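So the structure is just underneath, and the comments pick up after that.
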Amino acid sequence: MAAAPHIELDSRSPEAVDGRQIRAVTFQDSRLEYVRTTLKSVDLSASGSRAVVVGSGRGLLARGLAGLGFDVVAVDPSATATEMAREAGEREHPGIDYRTAPAERLGLADGAFDLAYYADTFEITPDLDRVLAEAARVLRPGGVLIYDTVNRTLLARVIYLGAFQRVPMTRIMPAGRYTAARLRTPAELTAALERQGLRNEDICDFKPKDPRSLVKATMARRRGRITDEQIPPIVDFVLAPDARPLVTYLGYARKG
C-alpha cells in the first residue's frame, strides 16, 4: 500500500500559509500539557529518557519535548520541513536529531525510545496498522505512545474535509490530504493499537474555547494579516478529558 501522503511546505516568505505549522502552533500548549499529565500517569521522567516525534514538521513539538528534558529524534516525511526544523533547532536545542523518513519506515533502531509522539500522522496515513507496527517496534517494552488525531464525525468532516481543504477563505491544506476513510474514531484507533501490541490507556478531547476564534485566526493567517506566531493568543485550545471528542483528540497507549 502507498505510503502516507505528505506535502512540501510553502515558501519561506512571511505570507506563506502552511497548514501543518498552523496546527502545530495552535496545538502546542495542549500537546505539551497532555505530555506532562501523561508522564505523571505512567511514572516516566523526561530527564534521561529518549523520545521520537513523528510528523514533527518544523520541529516545534520536538523542541518542546527537548525543553522538558528528553533526548529527542524528530522525524518528518518532508525534507523541506526537516531542514527548516534543523535551522530553528540549532538556535534553541542543538542536540535534537532531525531526520527525513515516512512514518511507515522510520529507519530507527528497535526498542530505542521511551516515548513516541505521533503528530499530524494518523489522520493522513492510508495504512494505519503499518504506522502503528513501526511505532511498536521502536518503543521499548513499557514505552509510551502519545498521539493526537482527528475523529470521524460530521463536524470533523465539515472542518477538515471542507473548511481546511475546499473553502477558499479558510483553506490551509491541499485537496486530498484528509479523507473520511483516514479519520478514525477512538474505538477504531484503540482496536488498531491493540493489533500491534499497544494498549490504549486514555482518550482526551481538546478543542478551542471559542470555535469562532479558530475561524478568525485561520482567515487572518490566510490573508497574511498575522504570522504563525500570532495565532496562539487568538485561539485558546483546552483539554476536555470528560467530553466526547467531536473533532480532535489526544491519547496515549503503552507497549505491553
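Chain labels run A, B, ... following the order of the C-alpha cells; each chain numbers its residues from 1, and ligands are numbered from 1 in the order shown.
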Could you list, as an MDAnalysis selection string, every residue within 10 Å of Ser56 of chain A, counting only C-alpha atoms and ignoring same-chain residues fewer than 5 positions away? chainID A and resid 20:21 24 61:63 73:78 81:82 85 98:100 117:121
12 Å contact set for Ser41 of chain A, only C-alpha atoms, chain neighbours under 4 positions out, as a ChimeraX atom specification: /A:34-37,45,144,201-202,252-254
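Each of A:Arg105, A:Arg199, A:Arg222, A:Arg177 was compared to Thr125 of chain A using only C-alpha atoms, and A:Arg177 turns out to be the nearest.
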Which residues in segment 54-192 of chain A does DSSP call strand (DSSP E or B)? List them as a list in words.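 So, restricting segment 54-192 of chain A to strand (DSSP E or B), we get Val54, Asp71, Val72, Val73, Ala74, Val75, Asp76, Asp97, Tyr98, Arg99, Thr100, Phe113, Asp114, Leu115, Ala116, Tyr117, Tyr118, Leu139, Arg140, Pro141, Gly142, Gly143, Val144, Leu145, Ile146, Tyr147, Asp148, Thr149 and Val150 of chain A.
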Just the selected residues (C-alpha atoms), exported as a tab-separated table (two decimals), in the first residue's frame, please.
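Result went into part36.tsv, see below:
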chain	number	residue	atom	x	y	z
A	54	VAL	CA	6.87	11.51	14.16
A	71	ASP	CA	16.78	13.35	24.24
A	72	VAL	CA	14.80	13.87	21.01
A	73	VAL	CA	14.80	12.49	17.48
A	74	ALA	CA	12.45	14.39	15.14
A	75	VAL	CA	11.20	12.63	12.01
A	76	ASP	CA	9.14	14.08	9.16
A	97	ASP	CA	18.48	14.75	15.80
A	98	TYR	CA	16.41	15.68	12.71
A	99	ARG	CA	15.65	13.06	10.07
A	100	THR	CA	13.53	12.73	6.94
A	113	PHE	CA	12.68	5.04	22.71
A	114	ASP	CA	10.84	5.53	25.99
A	115	LEU	CA	8.25	7.79	24.36
A	116	ALA	CA	6.95	8.30	20.83
A	117	TYR	CA	4.72	11.23	19.94
A	118	TYR	CA	2.77	10.98	16.67
A	139	LEU	CA	9.39	1.65	21.57
A	140	ARG	CA	10.98	-0.23	24.44
A	141	PRO	CA	8.79	-2.65	26.45
A	142	GLY	CA	6.54	-0.47	28.61
A	143	GLY	CA	7.22	2.52	26.36
A	144	VAL	CA	4.56	5.18	25.83
A	145	LEU	CA	2.94	6.26	22.58
A	146	ILE	CA	1.22	9.66	22.69
A	147	TYR	CA	-0.82	10.85	19.73
A	148	ASP	CA	-3.23	13.48	18.55
A	149	THR	CA	-5.60	12.88	15.67
A	150	VAL	CA	-8.99	13.66	14.16
Polymer residues at most 10 Å from Val215 of chain A, only C-alpha atoms, same-chain spacing of 2 or more positions, as a PyMOL selection string: chain A and resi 159+163+169-170+210-213+217-221+235
Same residues, N, CA and C atoms, output as an mmCIF file, in the first residue's frame:
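Writing done, so here's out.cif:
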data_model
loop_
_atom_site.group_PDB
_atom_site.id
_atom_site.type_symbol
_atom_site.label_atom_id
_atom_site.label_comp_id
_atom_site.auth_asym_id
_atom_site.auth_seq_id
_atom_site.Cartn_x
_atom_site.Cartn_y
_atom_site.Cartn_z
ATOM 1 N N ILE A 159 -15.049 20.472 9.020
ATOM 2 C CA ILE A 159 -13.864 21.291 9.247
ATOM 3 C C ILE A 159 -12.679 20.822 8.403
ATOM 4 N N ALA A 163 -13.698 22.979 5.284
ATOM 5 C CA ALA A 163 -13.082 24.289 5.536
ATOM 6 C C ALA A 163 -11.579 24.297 5.296
ATOM 7 N N MET A 169 -11.537 30.864 1.702
ATOM 8 C CA MET A 169 -11.193 31.778 2.792
ATOM 9 C C MET A 169 -10.468 31.090 3.940
ATOM 10 N N THR A 170 -10.711 29.782 4.126
ATOM 11 C CA THR A 170 -10.133 29.078 5.266
ATOM 12 C C THR A 170 -9.243 27.908 4.854
ATOM 13 N N ASP A 210 -13.471 28.887 22.076
ATOM 14 C CA ASP A 210 -14.470 29.514 21.218
ATOM 15 C C ASP A 210 -14.119 29.178 19.766
ATOM 16 N N PRO A 211 -14.884 28.278 19.111
ATOM 17 C CA PRO A 211 -14.575 27.894 17.725
ATOM 18 C C PRO A 211 -14.472 29.079 16.778
ATOM 19 N N ARG A 212 -15.179 30.167 17.092
ATOM 20 C CA ARG A 212 -15.115 31.337 16.211
ATOM 21 C C ARG A 212 -13.709 31.925 16.165
ATOM 22 N N SER A 213 -12.952 31.752 17.247
ATOM 23 C CA SER A 213 -11.593 32.277 17.274
ATOM 24 C C SER A 213 -10.694 31.528 16.296
ATOM 25 N N ALA A 217 -8.738 33.326 13.264
ATOM 26 C CA ALA A 217 -7.289 33.243 13.129
ATOM 27 C C ALA A 217 -6.893 32.631 11.790
ATOM 28 N N THR A 218 -7.617 31.599 11.370
ATOM 29 C CA THR A 218 -7.305 30.946 10.097
ATOM 30 C C THR A 218 -7.485 31.906 8.935
ATOM 31 N N MET A 219 -8.573 32.665 8.937
ATOM 32 C CA MET A 219 -8.821 33.627 7.861
ATOM 33 C C MET A 219 -7.774 34.738 7.863
ATOM 34 N N ALA A 220 -7.402 35.209 9.050
ATOM 35 C CA ALA A 220 -6.399 36.266 9.145
ATOM 36 C C ALA A 220 -5.041 35.783 8.662
ATOM 37 N N ARG A 221 -4.695 34.543 9.008
ATOM 38 C CA ARG A 221 -3.420 33.988 8.545
ATOM 39 C C ARG A 221 -3.453 33.769 7.041
ATOM 40 N N VAL A 235 -6.339 31.881 19.460
ATOM 41 C CA VAL A 235 -7.039 30.602 19.600
ATOM 42 C C VAL A 235 -6.567 29.897 20.863
#
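Distances to Ala66 of chain A were evaluated for A:Glu92, A:Asn151, A:Ile231, A:Val42 using only C-alpha atoms, and the minimum falls at A:Glu92.
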Members of segment 36-73 of chain A assigned alpha helix (DSSP H) by DSSP, as an NGL selection string: :A and (36-42 or 60-68)
Got time to write the residues from that selection, C-alpha atoms, as a PDB file, in the first residue's frame?
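The resulting file, out-v7.pdb, is shown below:
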ATOM      1  CA  ARG A  36       3.189  16.447  31.230  1.00  0.00           C
ATOM      2  CA  THR A  37      -0.026  14.865  32.537  1.00  0.00           C
ATOM      3  CA  THR A  38       0.788  11.555  30.850  1.00  0.00           C
ATOM      4  CA  LEU A  39       4.316  11.461  32.246  1.00  0.00           C
ATOM      5  CA  LYS A  40       2.854  11.684  35.747  1.00  0.00           C
ATOM      6  CA  SER A  41       0.316   8.944  34.980  1.00  0.00           C
ATOM      7  CA  VAL A  42       2.903   6.490  33.690  1.00  0.00           C
ATOM      8  CA  LEU A  60       8.081  22.973  17.397  1.00  0.00           C
ATOM      9  CA  LEU A  61       6.925  19.933  19.379  1.00  0.00           C
ATOM     10  CA  ALA A  62      10.373  18.339  19.241  1.00  0.00           C
ATOM     11  CA  ARG A  63      11.843  21.477  20.791  1.00  0.00           C
ATOM     12  CA  GLY A  64       9.092  21.423  23.415  1.00  0.00           C
ATOM     13  CA  LEU A  65       9.962  17.851  24.418  1.00  0.00           C
ATOM     14  CA  ALA A  66      13.654  18.721  24.484  1.00  0.00           C
ATOM     15  CA  GLY A  67      12.767  21.567  26.821  1.00  0.00           C
ATOM     16  CA  LEU A  68      11.164  19.025  29.162  1.00  0.00           C
TER      17      LEU A  68
END
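The protein and nucleic acid residues lying at most 7 Å from Asp236 of chain A are A:Pro208, A:Lys209, A:Pro232, A:Pro233, A:Ile234, A:Val238, with only C-alpha atoms considered and sequence neighbours fewer than 2 positions away removed.
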Excluding Leu154 of chain A and residues on its chain fewer than 4 positions from it, collect all residues at most 9 Å away from it, counting only C-alpha atoms, and give them as a ChimeraX atom specification. /A:158-159,246-247
Using C-alpha atoms, can you write the selected residues to a file as a compact mmCIF listing (two decimals), in the first residue's frame?
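The resulting file, result06.txt, is shown below:
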# COMPACT_ATOMS: atom_id res chain seq x y z
CA VAL A 158 -17.04 19.78 7.82
CA ILE A 159 -13.86 21.29 9.25
CA LEU A 246 -16.21 15.96 18.40
CA VAL A 247 -13.22 16.87 16.22
For atom CA of Ser30 of chain A and atom CA of Arg244 of chain A, determine how far apart the two atoms are, in Å to one decimal place.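 Taking atom CA of Ser30 of chain A as the start and atom CA of Arg244 of chain A as the end point, the length is 16.7 Å.
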Would you mind reading off the distance between atom CA of Tyr160 of chain A and atom CA of Glu104 of chain A, one decimal, in Å? 22.9 Å
Between atom CA of Gly162 of chain A and atom CA of Lys207 of chain A, measure the distance and give it in Å to one decimal.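 Going from atom CA of Gly162 of chain A over to atom CA of Lys207 of chain A, I get 17.9 Å.
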